[in-house]
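Chemist: Structure file structure_1.cif, mmCIF, C-alpha atoms and all ligand atoms, is pasted below:
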data_work
#
loop_
_atom_site.label_atom_id
_atom_site.label_comp_id
_atom_site.auth_asym_id
_atom_site.auth_seq_id
_atom_site.Cartn_x
_atom_site.Cartn_y
_atom_site.Cartn_z
CA MET A 139 4.53 -65.53 58.96
CA ASN A 140 7.13 -64.62 56.31
CA ALA A 141 7.21 -60.84 56.84
CA THR A 142 10.47 -59.86 58.53
CA ALA A 143 10.63 -56.10 59.11
CA LEU A 144 9.55 -52.64 58.01
CA VAL A 145 12.24 -51.08 55.85
CA CYS A 146 12.69 -47.63 54.36
CA PRO A 147 12.89 -47.79 50.55
CA ARG A 148 14.47 -44.32 50.22
CA PRO A 149 17.91 -44.71 48.64
CA GLY A 150 20.62 -44.33 51.24
CA CYS A 151 18.34 -44.10 54.30
CA GLY A 152 18.53 -47.62 55.67
CA GLY A 153 15.83 -46.94 58.29
CA ARG A 154 14.14 -50.04 59.74
CA ALA A 155 11.50 -50.91 62.29
CA SER A 156 10.38 -54.11 63.95
CA LEU A 157 7.00 -55.63 63.10
CA GLU A 158 6.39 -56.10 66.82
CA GLU A 159 5.80 -52.37 67.32
CA THR A 160 3.03 -50.15 66.01
CA VAL A 161 5.24 -47.97 63.79
CA TYR A 162 3.92 -46.04 60.79
CA VAL A 163 6.76 -44.05 59.20
CA CYS A 164 10.54 -44.38 58.95
CA PRO A 165 12.18 -43.67 62.32
CA SER A 166 15.17 -42.11 60.51
CA CYS A 167 13.69 -39.95 57.75
CA GLY A 168 9.91 -39.89 58.31
CA GLY A 169 9.18 -41.40 54.88
CA ASN A 170 6.80 -44.28 54.16
CA LEU A 171 7.94 -47.74 55.16
CA GLN A 172 7.70 -50.96 53.18
CA VAL A 173 7.13 -54.48 54.52
CA ASP A 174 9.99 -56.86 53.73
CA TYR A 175 9.72 -60.67 53.54
CA ASP A 176 11.92 -63.72 53.64
CA TYR A 177 11.42 -64.37 49.93
CA ASP A 178 13.72 -67.40 49.90
CA ALA A 179 11.53 -69.11 52.50
CA ILE A 180 8.38 -68.29 50.52
CA ARG A 181 9.93 -69.54 47.29
CA ALA A 182 11.01 -72.78 48.97
CA GLY A 183 7.73 -73.48 50.75
CA TRP A 184 4.99 -72.33 48.36
CA LYS A 185 4.27 -73.44 44.79
CA ARG A 186 1.84 -72.16 42.17
CA ASP A 187 0.39 -75.65 41.87
CA SER A 188 -0.84 -75.62 45.47
CA LEU A 189 -3.25 -72.83 44.48
CA ARG A 190 -4.93 -74.96 41.84
CA ASP A 191 -6.94 -76.93 44.40
CA ASP A 192 -7.43 -74.05 46.82
CA ARG A 193 -11.15 -73.30 46.99
CA ASP A 194 -10.75 -70.08 48.98
CA LEU A 195 -11.56 -67.51 46.28
CA THR A 196 -10.62 -64.40 48.28
CA ILE A 197 -7.47 -62.36 48.89
CA TRP A 198 -6.58 -64.80 51.69
CA ARG A 199 -5.46 -67.50 49.24
CA TYR A 200 -2.14 -65.63 49.07
CA ALA A 201 -1.55 -65.73 52.86
CA PRO A 202 2.22 -66.47 52.61
CA LEU A 203 2.69 -62.97 51.14
CA TYR A 204 0.83 -61.02 53.85
CA PRO A 205 2.28 -59.48 57.01
CA VAL A 206 -0.52 -60.76 59.29
CA ARG A 207 -1.40 -64.16 60.74
CA ALA A 208 -5.18 -63.89 61.03
CA ARG A 209 -7.81 -63.14 58.38
CA ILE A 210 -11.33 -61.74 58.13
CA GLU A 211 -13.86 -64.55 58.00
CA GLY A 212 -17.15 -64.17 56.20
CA LEU A 213 -16.98 -61.22 53.84
CA PRO A 214 -15.55 -62.26 50.47
CA ILE A 215 -12.83 -59.74 49.65
CA GLY A 216 -11.07 -59.88 46.31
CA TRP A 217 -11.06 -62.47 43.50
CA THR A 218 -13.06 -59.95 41.48
CA PRO A 219 -13.81 -60.78 37.84
CA LEU A 220 -11.39 -60.02 35.03
CA VAL A 221 -13.84 -59.05 32.30
CA PRO A 222 -12.80 -59.29 28.62
CA ALA A 223 -13.68 -56.10 26.75
CA PRO A 224 -13.19 -56.73 23.01
CA ARG A 225 -15.67 -54.03 21.95
CA LEU A 226 -13.89 -51.40 24.04
CA ALA A 227 -10.58 -52.53 22.58
CA ALA A 228 -12.00 -52.06 19.09
CA ALA A 229 -13.38 -48.63 20.03
CA LEU A 230 -9.85 -47.62 21.07
CA GLY A 231 -8.34 -48.89 17.81
CA LEU A 232 -6.69 -51.79 19.64
CA GLU A 233 -8.17 -54.56 17.49
CA GLY A 234 -6.36 -57.82 17.88
CA ARG A 235 -5.09 -56.95 21.33
CA GLU A 236 -6.60 -58.27 24.52
CA LEU A 237 -8.21 -55.74 26.90
CA LEU A 238 -9.46 -56.91 30.30
CA LEU A 239 -11.20 -54.96 33.07
CA LYS A 240 -10.58 -55.92 36.70
CA ASP A 241 -13.98 -55.07 38.22
CA ASP A 242 -13.12 -54.15 41.79
CA GLY A 243 -16.42 -52.41 42.37
CA ARG A 244 -17.64 -55.91 43.27
CA ASN A 245 -15.89 -55.96 46.63
CA PRO A 246 -18.01 -55.92 49.84
CA SER A 247 -17.96 -52.12 50.20
CA ALA A 248 -18.01 -51.66 46.39
CA SER A 249 -14.45 -50.42 45.98
CA PHE A 250 -10.85 -51.57 45.64
CA LYS A 251 -10.14 -50.18 49.13
CA ASP A 252 -11.37 -53.38 50.81
CA ARG A 253 -8.08 -55.03 49.87
CA ALA A 254 -6.17 -52.46 51.93
CA SER A 255 -8.64 -52.20 54.80
CA ALA A 256 -8.61 -55.97 55.26
CA ILE A 257 -4.89 -56.19 55.96
CA ALA A 258 -4.80 -52.94 57.97
CA LEU A 259 -7.71 -53.99 60.20
CA VAL A 260 -6.32 -57.45 60.88
CA ARG A 261 -3.02 -55.75 61.72
CA ALA A 262 -4.85 -53.36 64.09
CA ARG A 263 -6.42 -56.28 65.93
CA GLU A 264 -3.12 -58.18 66.10
CA GLN A 265 -1.58 -55.07 67.69
CA GLY A 266 -4.36 -55.07 70.28
CA HIS A 267 -6.42 -52.15 68.96
CA ASP A 268 -10.21 -52.16 68.90
CA LEU A 269 -10.60 -48.59 67.65
CA VAL A 270 -9.41 -47.55 64.20
CA THR A 271 -9.30 -44.09 62.68
CA GLY A 272 -8.80 -42.97 59.10
CA ALA A 273 -9.17 -40.02 56.75
CA SER A 274 -10.41 -40.57 53.25
CA THR A 275 -12.09 -38.99 50.27
CA GLY A 276 -14.80 -41.60 50.90
CA ASN A 277 -13.97 -45.11 49.73
CA ALA A 278 -11.16 -45.93 52.16
CA ALA A 279 -13.44 -44.66 54.91
CA SER A 280 -16.52 -46.61 53.90
CA SER A 281 -14.41 -49.70 53.34
CA THR A 282 -12.94 -49.38 56.83
CA ALA A 283 -16.43 -49.00 58.29
CA VAL A 284 -17.85 -52.01 56.43
CA LEU A 285 -15.04 -54.42 57.31
CA ALA A 286 -14.70 -53.08 60.87
CA ALA A 287 -18.41 -53.72 61.40
CA ALA A 288 -17.89 -57.32 60.28
CA MET A 289 -15.04 -57.66 62.79
CA GLY A 290 -16.64 -55.79 65.69
CA ILE A 291 -14.03 -53.00 65.63
CA ARG A 292 -15.04 -49.37 66.30
CA THR A 293 -14.14 -46.60 63.84
CA ARG A 294 -13.68 -42.81 64.01
CA ILE A 295 -13.55 -41.46 60.48
CA PHE A 296 -12.65 -38.11 58.91
CA ILE A 297 -13.98 -37.24 55.44
CA PRO A 298 -14.22 -33.99 53.49
CA LYS A 299 -17.73 -32.56 53.87
CA ALA A 300 -18.23 -32.74 50.07
CA ALA A 301 -17.86 -36.57 49.88
CA PRO A 302 -20.55 -38.22 47.69
CA ARG A 303 -23.75 -39.05 49.57
CA ALA A 304 -23.65 -42.80 48.95
CA LYS A 305 -20.28 -43.02 50.69
CA VAL A 306 -21.55 -40.94 53.61
CA ALA A 307 -24.63 -43.18 53.85
CA GLN A 308 -22.44 -46.29 53.90
CA LEU A 309 -20.33 -44.86 56.70
CA LEU A 310 -23.33 -43.99 58.81
CA ALA A 311 -25.15 -47.27 58.17
CA PHE A 312 -22.13 -49.31 59.21
CA GLY A 313 -21.77 -47.38 62.45
CA ALA A 314 -18.70 -45.21 61.93
CA GLU A 315 -18.38 -42.21 64.23
CA LEU A 316 -18.19 -39.76 61.36
CA LEU A 317 -16.50 -36.35 61.33
CA ALA A 318 -17.22 -34.41 58.13
CA VAL A 319 -14.43 -31.85 57.88
CA ASP A 320 -15.31 -28.49 56.38
CA GLY A 321 -12.25 -28.62 54.14
CA THR A 322 -10.33 -30.79 51.70
CA TYR A 323 -9.19 -34.42 51.88
CA ASP A 324 -5.67 -33.21 52.63
CA GLN A 325 -6.96 -31.22 55.62
CA ALA A 326 -9.00 -34.18 56.88
CA PHE A 327 -5.87 -36.34 56.58
CA ASP A 328 -3.78 -33.98 58.72
CA LEU A 329 -6.54 -33.73 61.32
CA CYS A 330 -6.67 -37.51 61.51
CA LEU A 331 -2.90 -37.70 62.05
CA ALA A 332 -3.27 -35.19 64.87
CA ALA A 333 -5.94 -37.39 66.46
CA THR A 334 -3.68 -40.43 66.28
CA ALA A 335 -0.81 -38.52 67.88
CA ARG A 336 -3.05 -37.28 70.67
CA TYR A 337 -5.33 -40.26 71.40
CA GLY A 338 -3.37 -43.27 70.13
CA TRP A 339 -6.14 -44.64 67.90
CA TYR A 340 -4.86 -47.11 65.29
CA ASN A 341 -4.43 -45.18 62.01
CA ARG A 342 -5.29 -46.68 58.61
CA ASN A 343 -4.45 -43.63 56.49
CA THR A 344 -3.35 -44.33 52.93
CA GLY A 345 0.33 -43.70 52.33
CA TYR A 346 1.03 -43.49 56.07
CA ASN A 347 0.09 -46.95 57.33
CA PRO A 348 2.53 -49.36 55.60
CA PHE A 349 -0.01 -52.22 55.63
CA THR A 350 -2.47 -50.76 53.11
CA ARG A 351 -0.04 -51.43 50.26
CA GLU A 352 0.27 -55.04 51.42
CA GLY A 353 -3.46 -55.47 50.85
CA LYS A 354 -3.59 -53.54 47.59
CA LYS A 355 -0.92 -55.76 46.07
CA SER A 356 -3.40 -58.67 46.14
CA VAL A 357 -4.94 -57.37 42.89
CA SER A 358 -1.73 -58.26 41.04
CA PHE A 359 -1.72 -61.76 42.50
CA GLU A 360 -5.25 -62.27 41.20
CA ILE A 361 -4.64 -60.77 37.76
CA CYS A 362 -1.64 -63.03 37.20
CA GLU A 363 -3.37 -66.14 38.49
CA GLN A 364 -6.54 -65.39 36.48
CA LEU A 365 -4.29 -65.17 33.40
CA ASP A 366 -2.72 -68.53 34.27
CA TRP A 367 0.50 -66.80 35.44
CA GLN A 368 1.10 -65.09 32.10
CA ALA A 369 1.54 -61.51 33.29
CA PRO A 370 -0.07 -58.84 31.08
CA ASP A 371 2.08 -56.37 29.12
CA LEU A 372 0.48 -53.25 30.58
CA VAL A 373 -1.55 -52.51 33.72
CA VAL A 374 -3.50 -49.24 33.73
CA VAL A 375 -4.13 -47.70 37.16
CA PRO A 376 -5.99 -44.57 38.37
CA VAL A 377 -3.78 -42.59 40.74
CA GLY A 378 -4.65 -40.32 43.66
CA ASP A 379 -2.33 -40.85 46.62
CA GLY A 380 -0.40 -43.39 44.59
CA ASN A 381 -0.91 -46.28 47.01
CA ILE A 382 -2.84 -48.51 44.57
CA ILE A 383 -0.19 -48.23 41.88
CA SER A 384 2.66 -48.81 44.33
CA GLY A 385 0.70 -51.79 45.65
CA VAL A 386 0.14 -53.15 42.14
CA TRP A 387 3.91 -52.95 41.62
CA LYS A 388 4.70 -54.55 44.99
CA GLY A 389 2.41 -57.44 44.11
CA LEU A 390 4.04 -57.93 40.72
CA THR A 391 7.59 -57.77 42.08
CA ASP A 392 6.66 -60.13 44.95
CA LEU A 393 5.42 -62.69 42.41
CA HIS A 394 8.52 -62.20 40.28
CA ARG A 395 10.84 -62.68 43.25
CA ILE A 396 9.25 -65.99 44.22
CA GLY A 397 9.25 -67.20 40.62
CA PHE A 398 5.46 -67.25 40.04
CA ILE A 399 5.76 -64.94 36.98
CA GLU A 400 8.63 -64.70 34.51
CA ARG A 401 8.41 -61.05 33.47
CA LEU A 402 7.07 -57.78 34.77
CA PRO A 403 4.39 -55.63 33.06
CA ARG A 404 4.66 -51.90 32.53
CA LEU A 405 2.45 -49.52 34.46
CA LEU A 406 0.36 -46.70 33.01
CA ALA A 407 -0.53 -44.17 35.73
CA VAL A 408 -3.62 -42.06 35.01
CA GLN A 409 -4.51 -38.86 36.87
CA ALA A 410 -7.09 -36.11 36.55
CA GLU A 411 -5.55 -33.01 34.99
CA HIS A 412 -5.71 -30.79 38.08
CA SER A 413 -4.86 -33.63 40.46
CA ASP A 414 -1.74 -34.68 38.61
CA ALA A 415 1.13 -34.41 41.10
CA VAL A 416 2.45 -37.90 40.26
CA VAL A 417 2.32 -37.38 36.47
CA ARG A 418 4.12 -34.04 36.93
CA ALA A 419 6.79 -35.73 39.03
CA LEU A 420 7.26 -38.35 36.31
CA GLU A 421 7.95 -35.53 33.86
CA ARG A 422 10.72 -34.13 36.06
CA GLU A 423 14.21 -35.54 36.07
CA ASP A 424 14.39 -35.61 39.88
CA GLY A 425 10.89 -37.14 40.22
CA ALA A 426 10.02 -34.78 43.08
CA ILE A 427 6.40 -34.49 44.20
CA GLU A 428 4.90 -31.01 44.53
CA ALA A 429 1.40 -30.09 45.65
CA VAL A 430 -1.25 -29.23 43.02
CA SER A 431 -4.81 -27.89 43.39
CA GLY A 432 -6.31 -31.40 43.50
CA ASP A 433 -9.57 -30.30 41.84
CA THR A 434 -11.48 -33.01 39.97
CA VAL A 435 -14.95 -34.51 39.65
CA ALA A 436 -13.35 -37.87 40.48
CA ASP A 437 -13.46 -37.43 44.26
CA SER A 438 -11.50 -40.63 44.97
CA ILE A 439 -8.42 -39.31 43.19
CA SER A 440 -8.81 -35.68 44.24
CA VAL A 441 -5.50 -35.20 46.04
CA SER A 442 -3.32 -32.13 46.39
CA LEU A 443 -0.23 -33.80 47.89
CA PRO A 444 -0.11 -37.57 47.15
CA ARG A 445 0.76 -39.39 50.37
CA ASP A 446 2.41 -42.29 48.56
CA GLY A 447 3.66 -40.26 45.61
CA GLU A 448 7.32 -41.18 45.93
CA ALA A 449 6.56 -44.89 45.79
CA ALA A 450 4.19 -44.33 42.85
CA VAL A 451 6.90 -42.56 40.85
CA ARG A 452 9.40 -45.30 41.74
CA ALA A 453 6.92 -47.99 40.64
CA VAL A 454 6.18 -46.42 37.25
CA ARG A 455 9.87 -45.77 36.57
CA GLU A 456 10.99 -49.26 37.60
CA SER A 457 8.35 -50.74 35.30
CA ARG A 458 9.56 -48.49 32.45
CA GLY A 459 5.98 -47.27 32.28
CA LEU A 460 4.36 -43.89 31.72
CA GLY A 461 1.82 -41.41 33.04
CA VAL A 462 -1.03 -39.52 31.39
CA ARG A 463 -3.56 -36.96 32.58
CA VAL A 464 -7.21 -36.72 31.55
CA ALA A 465 -9.79 -33.93 31.75
CA ASP A 466 -12.89 -34.22 33.92
CA HIS A 467 -15.16 -34.34 30.86
CA GLU A 468 -13.15 -37.31 29.56
CA ILE A 469 -13.57 -39.07 32.91
CA LEU A 470 -17.33 -38.49 32.95
CA ALA A 471 -17.69 -39.60 29.32
CA ALA A 472 -15.89 -42.84 30.22
CA ILE A 473 -18.68 -43.87 32.63
CA PRO A 474 -21.30 -44.72 29.96
CA GLU A 475 -18.62 -45.87 27.52
CA VAL A 476 -17.36 -48.56 29.90
CA ALA A 477 -20.89 -49.43 31.00
CA ARG A 478 -22.19 -49.87 27.44
CA GLY A 479 -18.99 -51.26 25.99
CA ALA A 480 -18.22 -53.90 28.60
CA GLY A 481 -21.09 -54.12 31.09
CA VAL A 482 -19.06 -52.69 33.98
CA PHE A 483 -20.28 -49.72 36.05
CA GLY A 484 -17.60 -47.45 37.50
CA GLU A 485 -17.59 -44.28 39.58
CA PRO A 486 -15.56 -41.39 38.08
CA ALA A 487 -12.21 -42.53 39.54
CA GLY A 488 -13.26 -46.08 38.72
CA VAL A 489 -13.27 -45.42 34.97
CA THR A 490 -10.31 -43.03 34.94
CA ALA A 491 -7.95 -45.81 33.85
CA TYR A 492 -10.13 -46.32 30.77
CA ALA A 493 -10.11 -42.60 30.00
CA GLY A 494 -6.32 -42.68 30.35
CA LEU A 495 -5.91 -45.69 28.09
CA LYS A 496 -8.02 -43.92 25.49
CA LYS A 497 -5.83 -40.84 25.79
CA ALA A 498 -2.66 -42.93 25.47
CA ALA A 499 -4.09 -44.72 22.42
CA THR A 500 -5.09 -41.42 20.77
CA ASP A 501 -1.68 -39.90 21.46
CA GLY A 502 0.11 -42.95 20.01
CA LEU A 503 1.77 -43.86 23.32
CA LEU A 504 0.90 -47.58 23.25
CA ASP A 505 3.70 -49.76 21.90
CA PRO A 506 2.28 -52.24 19.34
CA GLY A 507 4.06 -55.00 21.27
CA TRP A 508 1.80 -54.49 24.29
CA ARG A 509 -0.67 -57.21 23.38
CA ARG A 510 -2.46 -57.81 26.65
CA ILE A 511 -3.72 -54.83 28.65
CA VAL A 512 -5.45 -54.95 32.04
CA LEU A 513 -7.16 -51.90 33.46
CA LEU A 514 -8.42 -51.48 36.98
CA VAL A 515 -12.01 -50.36 37.57
CA THR A 516 -11.59 -49.36 41.20
CA GLY A 517 -15.03 -48.26 42.41
CA ASN A 518 -18.66 -49.01 41.59
CA GLY A 519 -20.81 -46.48 39.72
CA LEU A 520 -23.49 -46.59 42.42
CA LYS A 521 -21.01 -44.84 44.75
CA ASP A 522 -21.61 -41.49 43.04
CA VAL A 523 -24.78 -41.38 40.98
CA ALA A 524 -24.81 -37.56 40.83
CA SER A 525 -21.72 -37.67 38.61
CA VAL A 526 -23.30 -40.31 36.38
CA ILE A 527 -26.41 -38.19 35.84
CA LYS A 528 -24.16 -35.24 34.90
CA VAL A 529 -23.16 -37.11 31.77
CA THR A 530 -26.25 -39.23 31.00
CA GLY A 531 -28.79 -36.48 31.69
CA GLU A 532 -32.21 -37.06 33.25
CA PRO A 533 -34.79 -39.43 31.73
CA ARG A 534 -37.72 -38.17 29.67
CA VAL A 535 -40.83 -37.71 31.82
CA ILE A 536 -44.18 -38.67 30.24
CA PRO A 537 -47.80 -38.65 31.41
CA PRO A 538 -49.34 -42.06 32.26
CA ASP A 539 -51.21 -42.07 28.95
CA PRO A 540 -50.91 -44.28 25.80
CA ALA A 541 -51.23 -41.15 23.70
CA ALA A 542 -47.79 -40.17 24.96
CA LEU A 543 -46.38 -43.44 23.58
CA GLU A 544 -47.98 -42.81 20.20
CA GLU A 545 -46.50 -39.36 20.10
CA ILE A 546 -43.01 -40.75 20.69
CA PHE A 547 -42.99 -44.05 18.84
CA ASP A 548 -45.56 -43.90 16.02
CA SER A 549 -43.41 -41.51 14.05
CA GLN A 550 -40.28 -43.63 14.71
CA SER A 551 -41.31 -47.01 13.23
C1 LIG A 601 -8.61 -44.60 46.39
C2 LIG A 601 -9.10 -44.76 45.00
C3 LIG A 601 -8.26 -44.58 43.89
C4 LIG A 601 -6.82 -44.13 43.99
O1 LIG A 601 -5.99 -44.85 44.84
P1 LIG A 601 -4.69 -44.16 45.45
O2 LIG A 601 -4.05 -45.20 46.28
O3 LIG A 601 -5.17 -42.98 46.25
O4 LIG A 601 -3.84 -43.73 44.31
C5 LIG A 601 -8.79 -44.79 42.64
N1 LIG A 601 -10.08 -45.14 42.47
C6 LIG A 601 -10.92 -45.32 43.51
C7 LIG A 601 -12.34 -45.68 43.25
C8 LIG A 601 -10.46 -45.14 44.81
O5 LIG A 601 -11.31 -45.29 45.83
ZN ZN A 602 13.95 -43.53 55.84
#
Any chance you could put this one into structure tokens?
Modeler:
Amino acid sequence: MNATALVCPRPGCGGRASLEETVYVCPSCGGNLQVDYDYDAIRAGWKRDSLRDDRDLTIWRYAPLYPVRARIEGLPIGWTPLVPAPRLAAALGLEGRELLLKDDGRNPSASFKDRASAIALVRAREQGHDLVTGASTGNAASSTAVLAAAMGIRTRIFIPKAAPRAKVAQLLAFGAELLAVDGTYDQAFDLCLAATARYGWYNRNTGYNPFTREGKKSVSFEICEQLDWQAPDLVVVPVGDGNIISGVWKGLTDLHRIGFIERLPRLLAVQAEHSDAVVRALEREDGAIEAVSGDTVADSISVSLPRDGEAAVRAVRESRGLGVRVADHEILAAIPEVARGAGVFGEPAGVTAYAGLKKAATDGLLDPGWRRIVLLVTGNGLKDVASVIKVTGEPRVIPPDPAALEEIFDSQS
């Protein structure tokens, strides 16, 4: 294994922890930790060419860059399609540029979160835990339950009571012991931390467990390899806690450090307008995160206090990227637009990157030199059909009678 330690990325802190221990946050300052690697060893021992003949089309093909030794056999996690979307590009006035959608709703639990759960659950087992807990708006939870079921690990999960029904159904079907908290995601998160402190269950919480980012970074490995190691100019990411976008950046900088890609893309962070703590922080000189209401129809990015907000702000700034916010009606409108324009079905948070790219295009924020744009579709539309119906409306109901057809279609032809 090439991972060496857990280090604190806060400037001036210098906190560290050994990978031998089950440590979550910085022992010095309490901030989020980052996994460090022996990049020289990876660079010396691993070449892009060795991937060409590797028939393992899952996240595990990048094993030298993970902080675990084992893997999950069976369920195919990752290597999701990168779908060209020329008609969407044209609709956004981006003719001549390349727009690609990374369809992560195709993972085993139908969301991006499987990338994170995979590494966190293997880590849990390697630390000798057979019971994992987590708090989530829904997808991290259902992902944990699905992969844990495949591994024979037990789960105790906290979700806000209002989580979409499909996510609740997934959790129950896969055998999670489910606690629906009569409160917000942020409250469920704190309750889950209290449970870990009291009972010692292994905790997978986003922006607390340093291993989730190590799984999320796999999306960048795939994007770059699928583009034959020509990194895109811009990667568009929906942001809630900020762990996906910090993972995307970790993956890109990992590849850059080992010489697999020559240059780094910029990041465009997209948030819902009342769940915009990271975008607000980007607008402030000091980049400080402050709590917001967190209200949005996109439940997966409905966050008052982003748990990985600091790292998200650092990632966007280091990439010389930008942030935009979008209204709920723009998010909902993006669902049928992406479905009809590219054949990809996303839940509200899943199409938020598209809504944000549209906003950035309309506001003239996209540099003409950004020729190749990748946007993440992070969750499948079947995860939250109630939100889809809000924008599509209900179908027309007709009697089982040919006369009804005549009434509708005879006048049309
Ligand atoms: C979790 C999630 C996000 C946001 O990820 P963060 O790490 O919280 O920023 C976006 N979309 C979907 C579908 C998600 O499940
Ligand atoms: Zn620290």
Chemist: Return as a ChimeraX atom specification the residues of protein, DNA or RNA that approach ligand ZN 602 (chain A) to within 10 Å, with only C-alpha atoms and all ligand atoms taken into account.
Modeler: /A:145-154,163-171
Chemist: Do a neighbour search on Tyr177 (chain A) at 8 Å with only C-alpha atoms, toss out local chain neighbours closer than 2 positions, and write the hits as a short mmCIF file (atom, residue, chain, number, x, y, z; two decimals) with C-alpha atoms, in the coordinates of the input.
Modeler:
data_model
loop_
_atom_site.label_atom_id
_atom_site.label_comp_id
_atom_site.auth_asym_id
_atom_site.auth_seq_id
_atom_site.Cartn_x
_atom_site.Cartn_y
_atom_site.Cartn_z
CA ASN A 140 7.13 -64.62 56.31
CA TYR A 175 9.72 -60.67 53.54
CA ALA A 179 11.53 -69.11 52.50
CA ILE A 180 8.38 -68.29 50.52
CA ARG A 181 9.93 -69.54 47.29
CA ARG A 395 10.84 -62.68 43.25
CA ILE A 396 9.25 -65.99 44.22
#
Chemist: Report, in Å with one decimal, the straight-line distance from CA of Arg463 (chain A) to CA of Asp414 (chain A).
Modeler: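 Distance between the two atoms: 6.7 Å.
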Chemist: Please write as a ChimeraX atom specification the list of polymer residues whose atoms come within 7 Å of (-4.5, -32.0, 51.0), counting all atoms listed in the file and keeping to the coordinates of the file.
Modeler: /A:322-325,441-443
Chemist: Residues within 7 Å of ligand LIG 601 (chain A) should be enumerated using all atoms listed in the file and returned as a list in words.
Modeler: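 Final answer, ordered by chain and number: Ser249, Phe250, Lys251, Asn277, Ala278, Thr344, Pro376, Val377, Gly378, Asp379, Gly380, Asn381, Ile382, Ile383, Ser438, Ile439, Glu485, Ala487, Gly488, Thr516 and Gly517 of chain A.
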Chemist: So, counting all atoms listed in the file, which residue among A:Leu372, A:Leu402, A:Val489, A:Val319 is closest to Ile473 (chain A)?
Modeler: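 Using all atoms listed in the file, Ile473 (chain A) sits closest to A:Val489.
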Chemist: Let me make sure I understand: among A:Gly353, A:Gly494, A:Gly484, A:Gly447, which one has the smallest atom-to-atom distance to Gln409 (chain A) if we use only C-alpha atoms?
Modeler: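 Among A:Gly353, A:Gly494, A:Gly484, A:Gly447, it is A:Gly494 that comes nearest to Gln409 (chain A).
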Chemist: Please compute the CA of Glu158 (chain A)-CA of Ala450 (chain A) distance, one decimal, in Å.
Modeler: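 Separation of CA of Glu158 (chain A) and CA of Ala450 (chain A): 26.8 Å.
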Chemist: Taking a cut-off of 12 Å and counting all atoms listed in the file, can you build a table that, for each residue of region 502-531 of chain A near region 280-301 of chain A, reports the nearest atom pair and how far apart they are in Å (one decimal), sorted by chain then residue number, as a Markdown table?
Modeler:
| residue | atom | partner | partner_atom | distance |
| --- | --- | --- | --- | --- |
| A:Gly517 | CA | A:Ser281 | CA | 11.0 |
| A:Lys521 | CA | A:Ala301 | CA | 10.2 |
| A:Asp522 | CA | A:Ala301 | CA | 9.2 |
| A:Ala524 | CA | A:Ala301 | CA | 11.5 |
| A:Ser525 | CA | A:Ala301 | CA | 12.0 |
Chemist: What separation in Å, quoted to one decimal, exists between CA of Asp192 (chain A) and CA of Ser356 (chain A)?
Modeler: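 These atoms are spaced 15.9 Å apart.
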Chemist: Between A:Lys496, A:Lys528, A:Lys185, A:Arg458, which residue has the minimum interatomic distance to Leu237 (chain A), considering all atoms listed in the file?
Modeler: A:Lys496
Chemist: So which residues touch Pro219 (chain A) within 10 Å, counting all atoms listed in the file, skipping near sequence neighbours fewer than 6 positions away, as a list in words?
Modeler: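 The neighbour list is Leu238, Leu239, Lys240, Asp241, Asp242, Gly243, Arg244, Glu360, Ile361 and Gln364 of chain A.
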Chemist: Using only C-alpha atoms, which residue out of A:Asn245, A:Arg199, A:Glu532, A:Leu230 lies closest to Pro214 (chain A)?
Modeler: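 Of A:Asn245, A:Arg199, A:Glu532, A:Leu230, the one nearest Pro214 (chain A) is A:Asn245, counting only C-alpha atoms.
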Chemist: Which one of A:Arg261, A:Lys497, A:Arg478, A:Arg186 sits closest to Ala208 (chain A) if you count all atoms listed in the file?
Modeler: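 Closest to Ala208 (chain A), using all atoms listed in the file: A:Arg261.
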Chemist: Name the closest residue to Val464 (chain A) among the candidates A:Val476, A:Leu504, A:Glu411, A:Ala254; distances are taken between atoms, counting only C-alpha atoms.
Modeler: A:Glu411
Chemist: Report, as AutoDock Vina command-line options, the axis-aligned box around all atoms of region 218-234 of chain A present in the file, extended by 5 Å on each side; give centre and edge lengths in Å to one decimal place.
Modeler:
--center_x -11.0 --center_y -54.2 --center_z 29.5 --size_x 19.3 --size_y 23.2 --size_z 34.0
Chemist: Within 9 Å of Ala201 (chain A), counting only C-alpha atoms, which residues qualify if same-chain residues fewer than 6 places away don't, as an MDAnalysis selection string?
Modeler: chainID A and resid 139 207 209
Chemist: Which residues, written as a list in words, have at least one atom at most 10 Å from Ala426 (chain A), with only C-alpha atoms counted and residues fewer than 4 positions away on the same chain left out?
Modeler: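 Selected residues are Ala415, Val416, Arg418, Ala419, Leu420, Glu421, Arg422, Gly447, Glu448 and Val451 of chain A.
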